[in-house]
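Source file: data-v5.cif; contents: mmCIF, C-alpha atoms.
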data_data
#
loop_
_atom_site.label_atom_id
_atom_site.label_comp_id
_atom_site.auth_asym_id
_atom_site.auth_seq_id
_atom_site.Cartn_x
_atom_site.Cartn_y
_atom_site.Cartn_z
CA MET A 28 46.26 91.97 0.51
CA ASN A 29 45.07 88.78 -1.13
CA PRO A 30 41.98 87.63 0.82
CA THR A 31 42.65 84.00 -0.09
CA ALA A 32 46.10 83.97 1.47
CA THR A 33 46.77 83.39 5.14
CA PRO A 34 48.55 86.48 6.51
CA ALA A 35 51.95 86.24 8.12
CA ARG A 36 51.60 85.62 11.84
CA ARG A 37 53.67 87.20 14.53
CA PRO A 38 55.85 84.99 16.74
CA LEU A 39 54.38 84.26 20.14
CA HIS A 40 57.26 85.32 22.41
CA PRO A 41 58.27 88.10 22.18
CA PRO A 42 56.85 90.14 19.27
CA PRO A 43 59.64 91.82 17.31
CA VAL A 44 59.78 95.54 16.73
CA SER A 45 58.81 94.96 13.10
CA ALA A 46 55.78 92.82 14.02
CA SER A 47 52.76 92.67 11.75
CA PRO A 48 50.52 95.75 12.04
CA PHE A 49 47.52 93.50 12.65
CA PRO A 50 45.25 93.97 14.36
CA TYR A 51 44.96 97.65 13.55
CA HIS A 52 42.15 98.08 16.07
CA PRO A 53 42.67 96.86 19.67
CA GLY A 54 39.07 95.66 19.78
CA SER A 55 39.58 93.27 16.87
CA LEU A 56 39.93 89.54 17.37
CA LEU A 57 41.43 88.09 14.22
CA SER A 58 43.52 85.27 15.63
CA ALA A 59 43.97 83.37 18.88
CA GLU A 60 47.60 84.47 18.68
CA ASP A 61 46.61 88.12 19.00
CA LEU A 62 45.62 87.55 22.65
CA THR A 63 48.13 87.69 25.48
CA LEU A 64 47.60 85.58 28.59
CA GLU A 65 46.43 88.78 30.30
CA ASP A 66 43.91 89.33 27.49
CA LEU A 67 42.65 85.76 27.88
CA SER A 68 42.23 86.18 31.62
CA ARG A 69 40.28 89.41 31.15
CA ILE A 70 37.99 87.96 28.48
CA LEU A 71 37.19 84.88 30.54
CA ALA A 72 36.57 86.93 33.68
CA ARG A 73 34.36 89.36 31.80
CA ALA A 74 32.39 86.52 30.22
CA THR A 75 31.61 85.20 33.70
CA ALA A 76 30.64 88.64 34.96
CA LEU A 77 28.37 89.36 32.01
CA GLU A 78 26.73 85.96 32.25
CA ALA A 79 25.88 86.58 35.92
CA MET A 80 24.66 90.16 35.40
CA ASP A 81 21.01 91.19 35.62
CA PRO A 82 19.80 91.07 31.98
CA LEU A 83 18.16 94.49 32.29
CA VAL A 84 21.40 96.04 33.50
CA ARG A 85 23.44 94.16 30.90
CA ALA A 86 21.18 95.36 28.09
CA ARG A 87 22.18 98.96 28.80
CA LEU A 88 25.91 98.37 28.38
CA LEU A 89 25.92 98.72 24.59
CA ALA A 90 22.46 100.17 24.07
CA HIS A 91 21.87 101.05 20.39
CA ARG A 92 25.46 100.41 19.35
CA ARG A 93 25.55 98.95 15.82
CA VAL A 94 26.90 95.49 15.08
CA ALA A 95 26.98 93.95 11.60
CA LEU A 96 27.12 90.19 11.13
CA LEU A 97 28.64 89.52 7.71
CA PHE A 98 28.31 85.81 6.92
CA TYR A 99 29.50 84.33 3.63
CA GLU A 100 29.00 80.79 4.94
CA ALA A 101 26.03 79.07 6.54
CA SER A 102 26.15 78.95 10.33
CA THR A 103 23.82 78.10 13.19
CA ARG A 104 25.80 78.11 16.43
CA THR A 105 28.32 80.86 15.71
CA ARG A 106 25.93 83.26 14.03
CA THR A 107 23.13 82.80 16.54
CA SER A 108 25.37 83.05 19.59
CA PHE A 109 27.07 86.21 18.28
CA GLU A 110 23.67 87.73 17.56
CA LEU A 111 22.27 86.77 20.98
CA ALA A 112 25.45 88.05 22.62
CA ALA A 113 25.25 91.45 20.94
CA LYS A 114 21.53 91.81 21.61
CA GLY A 115 22.03 90.72 25.21
CA LEU A 116 24.29 93.75 25.63
CA GLY A 117 21.67 96.02 24.07
CA ALA A 118 23.31 96.44 20.68
CA ASP A 119 21.37 96.67 17.43
CA THR A 120 22.36 93.94 14.97
CA THR A 121 21.98 93.44 11.26
CA LEU A 122 22.71 90.22 9.39
CA VAL A 123 24.23 90.35 5.91
CA SER A 124 24.49 87.00 4.16
CA SER A 125 25.90 86.11 0.77
CA LEU A 126 22.47 84.92 -0.39
CA SER A 127 20.49 88.04 0.42
CA SER A 128 22.71 90.98 -0.41
CA SER A 129 24.81 92.58 -3.14
CA ILE A 130 27.43 89.94 -2.44
CA GLU A 131 25.34 87.67 -4.64
CA LYS A 132 25.78 90.20 -7.45
CA GLY A 133 29.56 90.11 -7.19
CA GLU A 134 30.30 92.91 -4.72
CA THR A 135 33.76 92.57 -3.18
CA LEU A 136 34.42 92.09 0.51
CA LYS A 137 36.14 95.48 0.60
CA ASP A 138 33.13 97.30 -0.86
CA THR A 139 30.67 95.46 1.35
CA GLY A 140 32.73 96.37 4.42
CA LEU A 141 33.03 100.01 3.44
CA THR A 142 29.28 100.13 2.78
CA LEU A 143 28.53 98.71 6.22
CA ARG A 144 30.85 101.25 7.80
CA SER A 145 29.14 104.09 5.93
CA LEU A 146 25.77 102.79 7.12
CA GLY A 147 26.92 103.14 10.71
CA ALA A 148 28.25 99.70 11.64
CA GLU A 149 30.68 100.06 14.54
CA THR A 150 32.05 96.53 14.42
CA ILE A 151 31.80 93.67 11.94
CA ILE A 152 31.60 89.99 12.80
CA LEU A 153 32.85 88.12 9.74
CA ARG A 154 32.60 84.52 8.61
CA HIS A 155 34.20 83.98 5.22
CA ASN A 156 35.25 81.05 3.06
CA SER A 157 38.64 82.61 2.26
CA SER A 158 41.51 82.36 4.73
CA GLY A 159 42.75 85.82 5.62
CA ALA A 160 39.50 87.66 4.82
CA PRO A 161 39.15 89.23 8.31
CA TRP A 162 42.61 90.81 7.97
CA LEU A 163 41.63 92.36 4.63
CA LEU A 164 38.34 93.64 6.04
CA GLU A 165 39.99 95.23 9.05
CA ALA A 166 42.72 96.84 6.96
CA GLU A 167 40.17 98.40 4.60
CA THR A 168 37.55 99.51 7.12
CA ARG A 169 39.69 100.12 10.22
CA LEU A 170 36.70 98.93 12.24
CA PRO A 171 37.09 96.31 14.95
CA VAL A 172 36.57 92.96 13.21
CA LEU A 173 35.74 89.71 14.96
CA ASN A 174 36.78 86.59 13.10
CA ALA A 175 33.88 84.12 13.18
CA GLY A 176 35.78 81.63 10.99
CA ASP A 177 37.89 82.24 7.89
CA GLY A 178 38.29 79.44 5.39
CA MET A 179 40.45 76.64 6.75
CA HIS A 180 42.44 79.05 8.87
CA GLU A 181 41.08 80.10 12.29
CA HIS A 182 38.06 80.34 14.58
CA PRO A 183 39.37 82.15 17.67
CA THR A 184 36.13 82.53 19.64
CA GLN A 185 35.53 78.78 19.34
CA ALA A 186 38.93 78.19 20.94
CA LEU A 187 38.00 80.63 23.72
CA LEU A 188 34.72 78.89 24.48
CA ASP A 189 36.49 75.52 24.34
CA LEU A 190 39.02 76.83 26.85
CA ARG A 191 36.23 78.07 29.13
CA THR A 192 34.57 74.66 28.99
CA ILE A 193 37.81 72.85 29.83
CA LEU A 194 38.66 75.19 32.70
CA ALA A 195 35.17 74.84 34.21
CA HIS A 196 35.77 71.11 34.63
CA LEU A 197 39.48 70.88 35.30
CA LYS A 198 40.52 74.25 36.79
CA PRO A 199 37.31 75.89 38.06
CA THR A 200 39.17 78.20 40.47
CA ALA A 201 41.68 79.49 37.91
CA LYS A 202 41.41 83.27 37.67
CA THR A 203 44.67 84.46 36.18
CA LEU A 204 45.95 82.27 33.36
CA THR A 205 49.63 81.38 33.18
CA ALA A 206 51.87 79.24 31.02
CA LYS A 207 51.28 76.40 33.50
CA THR A 208 47.51 76.63 34.01
CA LEU A 209 46.87 73.51 31.91
CA ALA A 210 50.13 71.71 32.63
CA GLY A 211 49.52 67.97 32.61
CA PHE A 212 46.34 68.28 30.54
CA THR A 213 46.10 66.52 27.16
CA LEU A 214 43.43 67.14 24.55
CA THR A 215 43.03 64.82 21.59
CA ILE A 216 41.55 66.43 18.49
CA ALA A 217 40.36 63.70 16.14
CA GLY A 218 38.99 63.72 12.62
CA ASP A 219 39.33 66.19 9.75
CA ILE A 220 42.29 68.18 11.04
CA LEU A 221 43.37 69.30 7.57
CA HIS A 222 40.29 71.44 6.98
CA SER A 223 39.56 72.46 10.57
CA ARG A 224 39.92 76.08 11.63
CA VAL A 225 38.73 75.01 15.09
CA ALA A 226 41.70 72.65 15.41
CA ARG A 227 44.11 75.39 14.32
CA SER A 228 42.88 77.94 16.85
CA ASN A 229 43.01 75.40 19.67
CA MET A 230 46.51 74.39 18.58
CA MET A 231 47.53 78.05 18.81
CA LEU A 232 45.87 78.67 22.16
CA LEU A 233 46.03 75.65 24.46
CA PRO A 234 49.81 74.89 24.39
CA ARG A 235 50.47 78.45 25.54
CA LEU A 236 48.76 77.45 28.81
CA GLY A 237 50.84 74.30 29.18
CA ALA A 238 48.43 71.87 27.53
CA ARG A 239 49.42 69.07 25.20
CA VAL A 240 47.41 68.64 21.99
CA LEU A 241 47.37 65.31 20.18
CA LEU A 242 46.18 65.33 16.58
CA CYS A 243 44.59 62.10 15.43
CA GLY A 244 43.30 61.07 12.02
CA PRO A 245 44.13 59.28 8.78
CA LYS A 246 46.78 60.72 6.46
CA GLU A 247 44.08 61.93 4.04
CA LEU A 248 42.80 64.26 6.77
CA LEU A 249 46.04 64.78 8.68
CA PRO A 250 49.09 64.89 6.41
CA GLU A 251 52.51 64.35 7.93
CA LEU A 252 53.41 67.92 6.98
CA ALA A 253 50.79 69.09 9.46
CA ALA A 254 52.78 67.45 12.26
CA ALA A 255 53.99 69.24 15.31
CA THR A 256 55.84 72.41 14.45
CA ARG A 257 55.07 73.95 17.83
CA PRO A 258 55.83 72.82 21.37
CA GLY A 259 53.00 70.84 22.90
CA ILE A 260 51.57 69.45 19.65
CA ALA A 261 52.03 65.92 18.33
CA ILE A 262 50.44 63.44 15.94
CA GLU A 263 49.12 60.09 17.19
CA ARG A 264 47.59 57.90 14.46
CA ASP A 265 46.30 55.30 16.91
CA PHE A 266 43.02 56.71 18.24
CA ASP A 267 42.86 54.29 21.18
CA ALA A 268 46.39 55.22 22.22
CA ALA A 269 45.52 58.91 22.00
CA LEU A 270 42.43 58.42 24.16
CA ARG A 271 44.42 56.68 26.86
CA GLN A 272 46.58 59.80 27.21
CA SER A 273 43.75 62.34 27.22
CA GLN A 274 41.59 64.18 29.72
CA ALA A 275 39.42 65.50 26.89
CA VAL A 276 38.70 64.50 23.29
CA MET A 277 37.35 66.83 20.63
CA MET A 278 35.70 65.11 17.69
CA LEU A 279 35.56 66.89 14.33
CA ARG A 280 33.10 66.18 11.55
CA ILE A 281 34.17 65.13 8.08
CA GLN A 282 33.83 68.34 6.08
CA ALA A 283 32.35 66.87 2.92
CA GLU A 284 32.10 70.33 1.33
CA ARG A 285 35.93 70.59 1.39
CA LEU A 286 36.82 67.03 0.37
CA GLU A 287 36.90 67.37 -3.40
CA GLY A 288 39.54 65.01 -4.75
CA VAL A 289 40.10 63.28 -1.38
CA GLN A 290 39.52 59.52 -1.36
CA LEU A 291 38.25 58.39 2.02
CA ASP A 292 36.76 55.02 2.95
CA LEU A 293 34.08 56.00 5.50
CA GLU A 294 33.64 52.50 6.87
CA GLU A 295 37.36 52.19 7.49
CA TYR A 296 37.35 55.68 8.98
CA LYS A 297 34.58 54.76 11.42
CA ALA A 298 36.35 51.54 12.40
CA ASN A 299 39.54 53.44 13.25
CA TYR A 300 38.36 56.85 14.45
CA GLN A 301 34.70 56.84 15.47
CA LEU A 302 34.17 57.57 19.16
CA THR A 303 31.84 54.88 20.47
CA GLY A 304 30.60 54.24 23.96
CA GLN A 305 32.70 51.09 24.23
CA ARG A 306 35.86 52.80 22.99
CA LEU A 307 35.32 55.65 25.44
CA ALA A 308 34.62 53.34 28.39
CA VAL A 309 37.72 51.23 27.75
CA HIS A 310 40.27 53.93 26.92
CA ALA A 311 39.04 57.24 28.41
CA PRO A 312 36.29 56.60 30.99
CA ALA A 313 36.68 60.03 32.59
CA ALA A 314 37.52 62.20 29.57
CA LEU A 315 35.39 65.14 28.50
CA VAL A 316 33.78 64.70 25.08
CA MET A 317 33.76 67.86 22.98
CA HIS A 318 32.59 68.80 19.49
CA PRO A 319 32.39 72.23 17.81
CA GLY A 320 29.34 71.20 15.77
CA PRO A 321 27.54 70.44 13.65
CA ILE A 322 27.58 66.80 14.69
CA ILE A 323 27.11 64.00 12.19
CA ARG A 324 25.75 61.31 14.48
CA GLY A 325 26.89 57.85 13.52
CA LEU A 326 30.02 59.09 11.76
CA GLU A 327 32.61 60.77 13.99
CA LEU A 328 30.79 59.71 17.15
CA THR A 329 27.72 57.73 18.12
CA ALA A 330 24.49 59.24 19.40
CA GLY A 331 25.04 57.58 22.77
CA VAL A 332 28.37 59.35 23.22
CA ALA A 333 27.02 62.71 21.99
CA ASP A 334 24.21 62.54 24.56
CA GLY A 335 26.15 60.68 27.24
CA PRO A 336 27.34 61.80 30.69
CA GLN A 337 30.85 62.67 29.50
CA SER A 338 29.58 64.98 26.76
CA VAL A 339 30.02 68.74 27.28
CA ILE A 340 28.92 69.61 23.74
CA LEU A 341 25.87 71.65 24.75
CA GLU A 342 27.93 73.30 27.47
CA GLN A 343 30.30 74.48 24.76
CA VAL A 344 27.33 76.01 22.93
CA ARG A 345 26.18 77.85 26.08
CA ASN A 346 29.69 79.09 26.76
CA GLY A 347 29.73 80.57 23.27
CA VAL A 348 27.19 83.22 24.21
CA ALA A 349 29.14 84.38 27.28
CA ILE A 350 32.48 84.44 25.46
CA ARG A 351 31.00 86.32 22.53
CA MET A 352 29.37 88.88 24.81
CA ALA A 353 32.82 89.56 26.22
CA VAL A 354 34.51 89.95 22.82
CA VAL A 355 31.69 92.08 21.36
CA GLU A 356 31.89 94.39 24.38
CA ARG A 357 35.67 94.48 24.00
CA ALA A 358 35.31 95.39 20.32
CA LEU A 359 32.98 98.29 21.02
CA THR A 360 34.75 99.72 24.08
CA ALA A 361 38.41 99.50 23.04
CA THR A 362 39.93 102.78 21.92
CA ALA A 363 41.09 102.84 18.31
CA ARG A 364 44.72 103.69 17.66
CA PRO A 365 45.49 106.77 15.60
CA ALA A 366 45.82 106.01 11.90
CA THR A 367 49.40 105.70 10.64
CA ASN A 368 51.10 105.08 7.34
CA LYS A 369 52.19 101.61 8.49
CA GLY A 370 51.93 99.12 5.68
CA GLY A 371 51.33 101.93 3.20
CA ARG A 372 47.80 102.62 4.49
CA ALA A 373 46.56 105.92 5.80
#
What's the structure tokens form of this structure?
Amino acid sequence: MNPTATPARRPLHPPPVSASPFPYHPGSLLSAEDLTLEDLSRILARATALEAMDPLVRARLLAHRRVALLFYEASTRTRTSFELAAKGLGADTTLVSSLSSSIEKGETLKDTGLTLRSLGAETIILRHNSSGAPWLLEAETRLPVLNAGDGMHEHPTQALLDLRTILAHLKPTAKTLTAKTLAGFTLTIAGDILHSRVARSNMMLLPRLGARVLLCGPKELLPELAAATRPGIAIERDFDAALRQSQAVMMLRIQAERLEGVQLDLEEYKANYQLTGQRLAVHAPAALVMHPGPIIRGLELTAGVADGPQSVILEQVRNGVAIRMAVVERALTATARPATNKGGRA
């Protein structure tokens, strides 16, 4: 498999007999699409249970199990919350970064993964700059792999923590998720949609629960070809109009590191798409304000909005630990399927 290519995804309903073999391991979380509504309900319920558990009891659940964090990209929130989540369950963690390992010398992802497996890693949490890398790693190691962000493709645990944040405010009593749990709810995602793996995972997840997702941004960051190809997703260029329809708005930063060759007038962008206190008060006075981080204050939103009463940004960060405890536990307690020759692999 080419690690730079996005793998073929299975249809949502129902999966055909010849569906993709991924994930090989039932504890893996490669894509938001890999989770059924029953899976989502279990993960959210387990996150709540683990969060409420006595820390001393919780720390015995995965005592001395081995978790490797393999990060090819810089990260604060995702890396730290995964590490705190694993350690909160009692697991031993090791961090492997591209700047302090044989990766810097040119070692391939396959060889790094096989080395970690040989050293005793029982699951690998991977952030990589190539779309599709988690699928390659799982296929080669057959370990449970948790996708912590792959290129411009997906970030499934971010979508899960975003969902938990939304439900806490809009559907706090929801226990079992259905296709109508978020019926009538609209989320606007505004900013650099083109390069956002967070946007993609939310687009895959939220409409399955009945939500509507509006994508908002200039054509440089939201090409027409990225328009709605799924039910529940639409493009709205007018930010004010999008806000008026929304119960929550997720602001995305301009990913300068991915903008080579893109011409963008930042002053014009701010005039049309920056979330200010005045814009929020006029068009969405009750909407939740979300952001996956890192925030660039004064660009996609003002400091007053980021710190204001409608902001749930730090709540999203806190929810990340609980969600990631649930998926790490799931990775290390799910029973691996017997190896087959599917896809030509033993």
Of the listed residues A:Glu167, A:Glu100, A:Thr192, A:Leu57, that which approaches Ala349 in chain A most closely, counting all atoms listed in the file: A:Thr192
Who sits within 9 Å of range 140-144 of chain A, all atoms listed in the file, same chain under 2 positions skipped, as a list of chain:residue names: A:Ala95, A:Leu97, A:Thr135, A:Leu136, A:Lys137, A:Asp138, A:Leu146, A:Gly147, A:Ala148, A:Glu149, A:Thr150, A:Ile151, A:Leu164, A:Glu165, A:Glu167, A:Thr168, A:Leu170
Top pick for closest residue to Ala226 in chain A, considering A:Gly259, A:Gly211, A:Pro50, A:Pro319 and counting all atoms listed in the file: A:Pro319
Contact check, range 182-222 of chain A to range 60-73 of chain A, at most 7 Å, counting all atoms listed in the file, closest pairs as JSON lines:
{"residue": "A:Lys202", "atom": "CA", "partner": "A:Ser68", "partner_atom": "CA", "distance": 6.8}
{"residue": "A:Thr203", "atom": "CA", "partner": "A:Ser68", "partner_atom": "CA", "distance": 5.5}
{"residue": "A:Leu204", "atom": "CA", "partner": "A:Ser68", "partner_atom": "CA", "distance": 5.7}
{"residue": "A:Thr205", "atom": "CA", "partner": "A:Leu64", "partner_atom": "CA", "distance": 6.5}
Test item: the PyMOL selection byres ((chain A and resi 340) around 12) resolved as JSON, numbers by chain: {"A": [104, 188, 189, 192, 193, 275, 276, 277, 278, 279, 315, 316, 317, 318, 319, 320, 321, 322, 332, 333, 334, 335, 336, 337, 338, 339, 341, 342, 343, 344, 345, 346, 347]}
Residue nearest Ser125 in chain A among A:Ala361, A:Ile323, A:Leu153, A:Leu83 (counting all atoms listed in the file):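 So, comparing all the options, the nearest one is A:Leu153.
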Separation of CA of Pro161 in chain A from CA of Ala175 in chain A in Å: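 Separation between CA of Ala175 in chain A and CA of Pro161 in chain A: 8.8 Å.
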Using all atoms listed in the file: which of A:Glu134, A:Ser228, A:Leu328, A:Ile216 has the shortest distance to His180 in chain A: A:Ser228
Expected answer as a ChimeraX atom specification: all residues with atoms within 7 Å of (41.2, 65.7, 31.5), only C-alpha atoms: /A:197,212-213,273-275,314-315
Interatomic distance (Å, one decimal) between CA of Ala238 in chain A and CA of His310 in chain A: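 Going from CA of Ala238 in chain A over to CA of His310 in chain A covers 19.7 Å.
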For range 332-350 of chain A, supply N, CA and C atoms and report the output as an mmCIF file, in the coordinates of the input.
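To be explicit, this is the file written out as rebuild.cif:
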data_model
loop_
_atom_site.group_PDB
_atom_site.id
_atom_site.type_symbol
_atom_site.label_atom_id
_atom_site.label_comp_id
_atom_site.auth_asym_id
_atom_site.auth_seq_id
_atom_site.Cartn_x
_atom_site.Cartn_y
_atom_site.Cartn_z
ATOM 1 N N VAL A 332 27.250 58.555 22.703
ATOM 2 C CA VAL A 332 28.370 59.350 23.220
ATOM 3 C C VAL A 332 28.008 60.833 23.191
ATOM 4 N N ALA A 333 27.390 61.291 22.107
ATOM 5 C CA ALA A 333 27.020 62.710 21.990
ATOM 6 C C ALA A 333 26.087 63.138 23.113
ATOM 7 N N ASP A 334 25.198 62.231 23.528
ATOM 8 C CA ASP A 334 24.210 62.540 24.560
ATOM 9 C C ASP A 334 24.588 61.983 25.924
ATOM 10 N N GLY A 335 25.760 61.390 26.025
ATOM 11 C CA GLY A 335 26.150 60.680 27.240
ATOM 12 C C GLY A 335 26.653 61.591 28.342
ATOM 13 N N PRO A 336 26.950 61.009 29.507
ATOM 14 C CA PRO A 336 27.340 61.800 30.690
ATOM 15 C C PRO A 336 28.684 62.489 30.562
ATOM 16 N N GLN A 337 29.543 62.021 29.662
ATOM 17 C CA GLN A 337 30.850 62.670 29.500
ATOM 18 C C GLN A 337 30.803 63.814 28.484
ATOM 19 N N SER A 338 29.689 63.959 27.793
ATOM 20 C CA SER A 338 29.580 64.980 26.760
ATOM 21 C C SER A 338 29.386 66.372 27.357
ATOM 22 N N VAL A 339 30.175 67.332 26.888
ATOM 23 C CA VAL A 339 30.020 68.740 27.280
ATOM 24 C C VAL A 339 29.708 69.581 26.040
ATOM 25 N N ILE A 340 29.146 68.946 25.028
ATOM 26 C CA ILE A 340 28.920 69.610 23.740
ATOM 27 C C ILE A 340 27.942 70.776 23.884
ATOM 28 N N LEU A 341 26.834 70.562 24.567
ATOM 29 C CA LEU A 341 25.870 71.650 24.750
ATOM 30 C C LEU A 341 26.406 72.720 25.691
ATOM 31 N N GLU A 342 27.269 72.330 26.599
ATOM 32 C CA GLU A 342 27.930 73.300 27.470
ATOM 33 C C GLU A 342 28.830 74.228 26.644
ATOM 34 N N GLN A 343 29.507 73.651 25.667
ATOM 35 C CA GLN A 343 30.300 74.480 24.760
ATOM 36 C C GLN A 343 29.413 75.517 24.069
ATOM 37 N N VAL A 344 28.244 75.094 23.611
ATOM 38 C CA VAL A 344 27.330 76.010 22.930
ATOM 39 C C VAL A 344 26.925 77.145 23.875
ATOM 40 N N ARG A 345 26.573 76.814 25.117
ATOM 41 C CA ARG A 345 26.180 77.850 26.080
ATOM 42 C C ARG A 345 27.334 78.798 26.374
ATOM 43 N N ASN A 346 28.529 78.248 26.494
ATOM 44 C CA ASN A 346 29.690 79.090 26.760
ATOM 45 C C ASN A 346 29.968 80.054 25.616
ATOM 46 N N GLY A 347 29.521 79.694 24.413
ATOM 47 C CA GLY A 347 29.730 80.570 23.270
ATOM 48 C C GLY A 347 29.057 81.915 23.427
ATOM 49 N N VAL A 348 27.888 81.946 24.040
ATOM 50 C CA VAL A 348 27.190 83.220 24.210
ATOM 51 C C VAL A 348 27.964 84.123 25.170
ATOM 52 N N ALA A 349 28.411 83.576 26.298
ATOM 53 C CA ALA A 349 29.140 84.380 27.280
ATOM 54 C C ALA A 349 30.455 84.903 26.716
ATOM 55 N N ILE A 350 31.208 84.017 26.044
ATOM 56 C CA ILE A 350 32.480 84.440 25.460
ATOM 57 C C ILE A 350 32.248 85.522 24.409
#
